[in-house]
file structure_16.cif (mmCIF, C-alpha atoms and all ligand atoms)
data_query
loop_
_atom_site.label_atom_id
_atom_site.label_comp_id
_atom_site.auth_asym_id
_atom_site.auth_seq_id
_atom_site.Cartn_x
_atom_site.Cartn_y
_atom_site.Cartn_z
CA MET A 1209 -150.27 58.66 90.62
CA ARG A 1210 -152.23 61.10 92.74
CA ILE A 1211 -155.47 62.19 91.11
CA PHE A 1212 -157.65 65.22 91.68
CA VAL A 1213 -160.94 65.61 89.85
CA THR A 1214 -162.22 69.17 89.87
CA LYS A 1215 -165.68 70.44 89.10
CA ASN A 1216 -164.49 72.71 86.31
CA TYR A 1217 -161.52 74.23 84.49
CA GLN A 1218 -161.25 77.17 86.88
CA GLU A 1219 -160.84 74.88 89.86
CA LEU A 1220 -158.32 72.78 87.94
CA SER A 1221 -156.28 75.93 87.30
CA TYR A 1222 -156.38 76.99 90.98
CA LYS A 1223 -155.31 73.56 92.15
CA ALA A 1224 -152.42 73.51 89.65
CA ALA A 1225 -151.38 77.01 90.75
CA ASP A 1226 -151.36 75.91 94.40
CA ILE A 1227 -148.95 73.11 93.54
CA VAL A 1228 -146.67 75.32 91.46
CA GLU A 1229 -146.74 78.08 94.09
CA ASP A 1230 -145.42 75.64 96.69
CA TYR A 1231 -142.28 75.18 94.58
CA LEU A 1232 -141.82 78.93 94.32
CA LYS A 1233 -141.18 79.10 98.08
CA ASN A 1234 -137.82 77.60 97.20
CA SER A 1235 -135.89 80.61 95.87
CA SER A 1236 -134.23 78.73 93.01
CA ALA A 1237 -137.14 76.70 91.66
CA VAL A 1238 -136.98 75.22 88.17
CA LEU A 1239 -140.35 74.95 86.42
CA GLY A 1240 -140.97 72.80 83.35
CA LEU A 1241 -143.64 74.54 81.29
CA ALA A 1242 -146.04 73.61 78.54
CA THR A 1243 -148.07 75.38 75.88
CA GLY A 1244 -151.58 74.64 74.58
CA SER A 1245 -154.94 75.82 75.89
CA THR A 1246 -154.90 73.66 79.02
CA PRO A 1247 -152.22 75.45 81.09
CA MET A 1248 -153.49 78.95 80.18
CA GLY A 1249 -155.73 79.10 83.26
CA LEU A 1250 -152.77 78.08 85.44
CA TYR A 1251 -150.69 80.91 83.94
CA ARG A 1252 -153.54 83.39 84.45
CA GLU A 1253 -153.82 82.34 88.09
CA LEU A 1254 -150.06 82.61 88.69
CA ILE A 1255 -150.07 86.09 87.10
CA SER A 1256 -152.90 87.08 89.41
CA ARG A 1257 -150.97 85.84 92.45
CA TYR A 1258 -147.93 87.82 91.23
CA GLU A 1259 -150.03 90.97 90.82
CA ASN A 1260 -152.07 90.64 93.99
CA ASN A 1261 -150.21 88.42 96.46
CA GLY A 1262 -146.56 89.27 95.90
CA LEU A 1263 -145.63 85.95 94.31
CA SER A 1264 -142.23 86.46 92.65
CA PHE A 1265 -140.47 84.64 89.82
CA GLN A 1266 -137.23 86.59 90.02
CA ASN A 1267 -135.07 83.57 90.85
CA VAL A 1268 -137.04 80.99 88.92
CA GLN A 1269 -135.73 79.22 85.81
CA THR A 1270 -138.20 77.83 83.30
CA ILE A 1271 -137.68 75.11 80.72
CA ASN A 1272 -140.33 74.68 78.02
CA LEU A 1273 -141.16 71.38 76.40
CA ASP A 1274 -141.17 72.18 72.72
CA GLU A 1275 -141.19 74.57 69.78
CA TYR A 1276 -142.29 74.39 66.15
CA ILE A 1277 -139.54 74.14 63.58
CA GLY A 1278 -139.42 76.91 61.01
CA LEU A 1279 -141.29 79.62 62.91
CA ASP A 1280 -139.43 82.75 63.92
CA ARG A 1281 -139.59 83.30 67.68
CA ASN A 1282 -141.73 86.39 67.00
CA HIS A 1283 -144.21 84.52 64.80
CA LEU A 1284 -147.69 84.84 66.28
CA GLN A 1285 -148.01 81.07 66.77
CA SER A 1286 -144.48 80.25 67.93
CA TYR A 1287 -144.31 78.87 71.44
CA HIS A 1288 -141.86 81.69 72.26
CA THR A 1289 -144.70 84.13 71.51
CA PHE A 1290 -147.24 81.98 73.36
CA MET A 1291 -145.16 81.97 76.53
CA ARG A 1292 -144.32 85.67 76.30
CA GLU A 1293 -147.92 86.71 75.70
CA ASN A 1294 -149.59 84.34 78.14
CA PHE A 1295 -147.09 84.35 80.98
CA PHE A 1296 -143.57 85.77 80.89
CA SER A 1297 -144.37 89.37 79.96
CA HIS A 1298 -146.81 89.59 82.88
CA ILE A 1299 -144.46 88.45 85.67
CA ASP A 1300 -141.05 89.50 87.01
CA ILE A 1301 -138.98 86.67 85.52
CA PRO A 1302 -135.76 87.85 83.79
CA SER A 1303 -135.90 86.70 80.16
CA HIS A 1304 -132.50 84.97 80.33
CA GLN A 1305 -134.00 82.59 82.90
CA THR A 1306 -136.62 81.33 80.45
CA HIS A 1307 -135.65 78.55 78.06
CA ILE A 1308 -137.44 77.29 74.94
CA PRO A 1309 -135.91 75.28 72.07
CA ASN A 1310 -134.89 77.35 69.05
CA GLY A 1311 -136.92 76.10 66.09
CA LEU A 1312 -134.78 78.01 63.61
CA ALA A 1313 -131.42 76.68 64.79
CA GLU A 1314 -129.05 75.08 62.31
CA PRO A 1315 -128.12 72.34 62.51
CA LEU A 1316 -131.11 71.14 64.52
CA ASP A 1317 -129.33 68.15 66.03
CA VAL A 1318 -126.84 70.50 67.70
CA GLU A 1319 -129.77 72.48 69.10
CA CYS A 1320 -131.32 69.27 70.45
CA SER A 1321 -128.06 68.33 72.24
CA ARG A 1322 -127.67 71.88 73.57
CA TYR A 1323 -131.20 71.77 74.98
CA GLU A 1324 -130.79 68.38 76.62
CA LYS A 1325 -127.54 69.59 78.21
CA LEU A 1326 -129.39 72.64 79.51
CA ILE A 1327 -132.09 70.42 81.05
CA ASN A 1328 -129.37 68.48 82.87
CA GLU A 1329 -127.47 71.58 83.97
CA ILE A 1330 -130.28 73.94 85.00
CA GLY A 1331 -132.82 71.25 85.73
CA PRO A 1332 -134.21 68.81 85.91
CA PRO A 1333 -137.40 70.73 86.71
CA ASP A 1334 -138.81 70.47 90.22
CA VAL A 1335 -142.17 70.16 88.54
CA GLN A 1336 -143.07 69.66 84.89
CA VAL A 1337 -146.46 70.96 83.77
CA LEU A 1338 -147.94 68.79 81.03
CA GLY A 1339 -151.02 68.78 78.87
CA ILE A 1340 -152.08 65.72 76.93
CA GLY A 1341 -152.89 65.43 73.24
CA GLU A 1342 -156.06 63.62 72.18
CA ASN A 1343 -153.78 60.88 70.81
CA GLY A 1344 -151.86 60.71 74.09
CA HIS A 1345 -148.94 62.88 73.02
CA ILE A 1346 -146.97 64.71 75.69
CA GLY A 1347 -144.83 67.65 74.60
CA PHE A 1348 -144.75 66.74 70.92
CA ASN A 1349 -143.88 63.09 71.51
CA GLU A 1350 -146.28 61.46 69.10
CA PRO A 1351 -147.49 57.84 69.32
CA GLY A 1352 -144.59 55.50 68.66
CA SER A 1353 -141.97 57.81 70.20
CA LYS A 1354 -139.33 55.88 72.06
CA PHE A 1355 -139.58 56.15 75.84
CA SER A 1356 -135.76 56.35 75.80
CA SER A 1357 -135.80 59.53 73.68
CA GLU A 1358 -134.19 62.80 74.74
CA THR A 1359 -134.70 66.16 73.01
CA HIS A 1360 -135.23 65.49 69.30
CA VAL A 1361 -136.89 66.57 66.08
CA ILE A 1362 -140.29 65.02 65.46
CA GLN A 1363 -142.67 64.93 62.52
CA LEU A 1364 -146.09 65.97 63.77
CA ALA A 1365 -148.98 63.54 63.37
CA SER A 1366 -151.60 64.85 60.97
CA SER A 1367 -154.18 64.64 63.79
CA THR A 1368 -151.97 66.93 65.91
CA ARG A 1369 -151.60 69.40 63.04
CA LYS A 1370 -155.39 69.37 62.60
CA ALA A 1371 -155.97 69.86 66.33
CA ASN A 1372 -153.54 72.80 66.39
CA ALA A 1373 -154.87 74.31 63.12
CA ARG A 1374 -157.34 76.33 65.19
CA PHE A 1375 -154.48 78.69 66.02
CA PHE A 1376 -153.43 79.17 62.37
CA ASP A 1377 -155.29 80.41 59.26
CA SER A 1378 -155.33 76.88 57.85
CA VAL A 1379 -153.90 73.44 58.56
CA ASP A 1380 -151.31 73.94 55.77
CA GLN A 1381 -149.73 76.68 57.82
CA VAL A 1382 -149.17 74.43 60.84
CA PRO A 1383 -145.50 73.42 60.78
CA THR A 1384 -144.83 69.79 59.92
CA HIS A 1385 -142.03 69.34 62.45
CA ALA A 1386 -141.11 70.39 65.96
CA ILE A 1387 -138.30 70.10 68.49
CA THR A 1388 -139.52 68.41 71.63
CA MET A 1389 -138.07 67.24 74.89
CA GLY A 1390 -138.12 63.45 74.70
CA ILE A 1391 -140.03 61.14 77.00
CA LYS A 1392 -136.83 60.36 78.89
CA SER A 1393 -136.13 64.10 79.28
CA ILE A 1394 -139.65 64.65 80.64
CA LEU A 1395 -139.36 61.78 83.11
CA LYS A 1396 -136.22 63.40 84.59
CA SER A 1397 -138.47 65.97 86.33
CA ARG A 1398 -138.93 65.43 90.05
CA GLN A 1399 -142.68 65.80 89.81
CA ILE A 1400 -145.05 65.77 86.84
CA LEU A 1401 -148.24 67.81 86.92
CA LEU A 1402 -150.54 66.48 84.21
CA LEU A 1403 -153.56 68.63 83.39
CA ALA A 1404 -156.58 67.52 81.38
CA SER A 1405 -159.70 69.53 80.68
CA GLY A 1406 -162.78 68.95 78.56
CA THR A 1407 -164.57 66.01 76.97
CA LYS A 1408 -162.06 65.94 74.07
CA LYS A 1409 -159.51 64.58 76.55
CA ALA A 1410 -161.82 62.04 78.20
CA ALA A 1411 -160.80 59.11 75.98
CA ALA A 1412 -157.10 59.85 76.47
CA ILE A 1413 -157.50 59.95 80.27
CA LYS A 1414 -159.40 56.67 80.26
CA ARG A 1415 -156.71 55.09 78.06
CA LEU A 1416 -153.98 56.42 80.38
CA LEU A 1417 -155.56 54.86 83.44
CA ASP A 1418 -156.73 51.58 81.88
CA GLY A 1419 -154.47 50.87 78.95
CA GLY A 1420 -151.11 49.85 80.39
CA ILE A 1421 -147.67 51.08 79.37
CA ASP A 1422 -147.20 51.20 75.60
CA GLU A 1423 -145.09 53.38 73.28
CA LYS A 1424 -148.17 53.71 71.05
CA PHE A 1425 -149.64 55.90 73.79
CA PRO A 1426 -146.85 58.29 74.89
CA ALA A 1427 -148.53 59.53 78.08
CA SER A 1428 -148.46 55.99 79.44
CA ALA A 1429 -144.72 56.52 80.08
CA LEU A 1430 -145.83 58.64 83.02
CA LEU A 1431 -146.95 55.46 84.76
CA GLN A 1432 -143.22 54.71 85.19
CA HIS A 1433 -142.65 57.93 87.15
CA SER A 1434 -142.95 57.85 90.94
CA ASP A 1435 -144.48 61.30 91.44
CA VAL A 1436 -147.25 62.19 88.99
CA VAL A 1437 -150.18 64.39 89.92
CA LEU A 1438 -153.11 64.28 87.52
CA ILE A 1439 -155.65 67.08 87.73
CA ALA A 1440 -158.66 66.45 85.52
CA ASP A 1441 -161.88 68.37 85.39
CA ARG A 1442 -165.18 66.47 85.43
CA GLU A 1443 -165.43 66.50 81.65
CA ALA A 1444 -161.98 65.02 81.12
CA TRP A 1445 -162.80 62.44 83.79
CA SER A 1446 -166.19 61.54 82.27
CA GLU A 1447 -165.14 58.25 80.61
CA VAL A 1448 -163.17 56.79 83.52
C1 LIG B 1 -149.70 70.76 71.73
C2 LIG B 1 -148.54 70.88 72.70
C3 LIG B 1 -148.70 69.94 73.87
C4 LIG B 1 -150.11 70.08 74.44
C5 LIG B 1 -151.11 69.64 73.42
C6 LIG B 1 -152.54 69.72 73.90
O1 LIG B 1 -149.54 69.82 70.74
N1 LIG B 1 -147.27 70.63 72.09
O2 LIG B 1 -147.72 70.25 74.85
O3 LIG B 1 -150.25 69.31 75.60
O4 LIG B 1 -150.97 70.50 72.29
O5 LIG B 1 -152.98 71.05 73.81
P1 LIG B 1 -154.28 71.63 74.44
O6 LIG B 1 -153.97 71.88 75.86
O7 LIG B 1 -154.51 72.91 73.68
O8 LIG B 1 -155.35 70.66 74.23
#

call {"tool": "encode", "arguments": {"input": "structure_16.cif", "output": "structure tokens", "more": "lines below"}}
Ligand code: GLP
result
Amino acid sequence: MRIFVTKNYQELSYKAADIVEDYLKNSSAVLGLATGSTPMGLYRELISRYENNGLSFQNVQTINLDEYIGLDRNHLQSYHTFMRENFFSHIDIPSHQTHIPNGLAEPLDVECSRYEKLINEIGPPDVQVLGIGENGHIGFNEPGSKFSSETHVIQLASSTRKANARFFDSVDQVPTHAITMGIKSILKSRQILLLASGTKKAAAIKRLLDGGIDEKFPASALLQHSDVVLIADREAWSEV
């Protein structure tokens, strides 16, 4: 694992954007993307480079990690909306080149197989952007998820629903289930770019670096991958 510790979130976002931009020099790059607060600065920086430096996404394909089950794609808190509002609508990527699981599909197991097939056909991503949950989840792979899992339906941990309740009116409105790329799907990516910001992530980063490989801590699967870049700001690094 290569590790960069930055002085703040802004610097973390620049560093992540530098890495992603390198892949965009290849005209047919495939980017694995994530939601959550952590990658928002990266998206802002990439948008700024599109607007000011001629960075183009015209030939890029994107594959997102996950989506809530039961939310319409236009729901304010769906990950479709998150990606559109925070990234896709601000750059020149054609919408048919962006991929996110469909949380309203029926049956869901067919949607999971379709998505995994898509990862294999379009991807795997050249680089997968990842955040980390306070409990070590990656995508929505909660503690206990099998490292051999591909795209699947998962019941969200109550701690995850509480952590994500800040985006909803109340915790009851946070969906109970999601579709997520599995740990095995994530590890297919050629490179993993793990981002961690803030003191809330400090314990998870310490656990990742000290705790060994264990399905109880999903992010520890990344220790099995040969090309992981961790960018942590000083706060996220504070317990190491
Ligand atoms: C959600 C997402 C994850 C993300 C995590 C942490 O549960 N499914 O992909 O990494 O939250 O989010 P944040 O970056 O807001 O702390």

call {"tool": "closest_atom_pairs", "arguments": {"input": "structure_16.cif", "of": "chain A", "to": "ligand LIG 1 (chain B)", "cutoff": "9 Å", "atoms": "only C-alpha atoms and all ligand atoms", "output": "tab-separated table"}}
result
residue	atom	partner	partner_atom	distance
A:Leu1241	CA	B:LIG1	O2	8.7
A:Ala1242	CA	B:LIG1	O2	5.3
A:Thr1243	CA	B:LIG1	O2	5.2
A:Gly1244	CA	B:LIG1	O7	3.5
A:Ser1245	CA	B:LIG1	O7	3.7
A:Thr1246	CA	B:LIG1	O6	3.7
A:Pro1247	CA	B:LIG1	O6	6.6
A:Met1248	CA	B:LIG1	O6	8.3
A:Leu1273	CA	B:LIG1	O2	6.8
A:Asp1274	CA	B:LIG1	N1	6.3
A:Glu1275	CA	B:LIG1	N1	7.6
A:Tyr1276	CA	B:LIG1	N1	8.6
A:Tyr1287	CA	B:LIG1	N1	8.8
A:Leu1338	CA	B:LIG1	O3	5.9
A:Gly1339	CA	B:LIG1	O3	3.4
A:Ile1340	CA	B:LIG1	O3	4.2
A:Gly1341	CA	B:LIG1	C6	4.4
A:Glu1342	CA	B:LIG1	C6	7.2
A:Gly1344	CA	B:LIG1	O3	8.9
A:His1345	CA	B:LIG1	O3	7.1
A:Ile1346	CA	B:LIG1	O3	5.7
A:Gly1347	CA	B:LIG1	O2	3.9
A:Phe1348	CA	B:LIG1	N1	4.8
A:Asn1349	CA	B:LIG1	N1	8.3
A:Leu1364	CA	B:LIG1	O1	8.7
A:Thr1368	CA	B:LIG1	O1	6.1
A:Arg1369	CA	B:LIG1	O1	8.0
A:Ala1371	CA	B:LIG1	O1	7.8
A:Asn1372	CA	B:LIG1	O1	6.6
A:Ala1386	CA	B:LIG1	N1	8.7
A:Thr1388	CA	B:LIG1	N1	8.1
A:Leu1403	CA	B:LIG1	O6	8.2
A:Ala1404	CA	B:LIG1	O6	7.5
A:Ser1405	CA	B:LIG1	O6	7.8
A:Gly1406	CA	B:LIG1	O8	8.8
A:Lys1408	CA	B:LIG1	O8	8.2
A:Lys1409	CA	B:LIG1	O8	7.7

call {"tool": "closest_residue", "arguments": {"input": "structure_16.cif", "among": "A:Glu1219, A:Asp1334, A:Glu1358, A:Asp1380", "to": "Leu1239 in chain A", "atoms": "all atoms listed in the file"}}
result
A:Asp1334

call {"tool": "atom_distance", "arguments": {"input": "structure_16.cif", "atom1": "CA of Leu1401 in chain A", "atom2": "CA of Ser1434 in chain A"}}
result
12.0 Å

call {"tool": "closest_residue", "arguments": {"input": "structure_16.cif", "among": "A:Ile1439, A:Ala1373, A:Ile1227, A:Ile1327", "to": "Lys1396 in chain A", "atoms": "all atoms listed in the file"}}
result
A:Ile1327

call {"tool": "closest_residue", "arguments": {"input": "structure_16.cif", "among": "A:Gln1266, A:Asn1343, A:Phe1376, A:Ile1308", "to": "Ala1412 in chain A", "atoms": "only C-alpha atoms"}}
result
A:Asn1343

call {"tool": "atom_distance", "arguments": {"input": "structure_16.cif", "atom1": "CA of Ala1410 in chain A", "atom2": "CA of Tyr1231 in chain A"}}
result
28.7 Å

call {"tool": "closest_residue", "arguments": {"input": "structure_16.cif", "among": "A:His1307, A:Arg1281, A:Arg1210, A:Arg1257", "to": "Val1436 in chain A", "atoms": "only C-alpha atoms"}}
result
A:Arg1210

call {"tool": "axis_aligned_box", "arguments": {"input": "structure_16.cif", "around": "range 1241-1260 of chain A", "padding_each_side": "4 Å", "output": "AutoDock Vina command-line options"}}
result
--center_x -149.7 --center_y 82.3 --center_z 84.3 --size_x 20.1 --size_y 25.4 --size_z 27.4
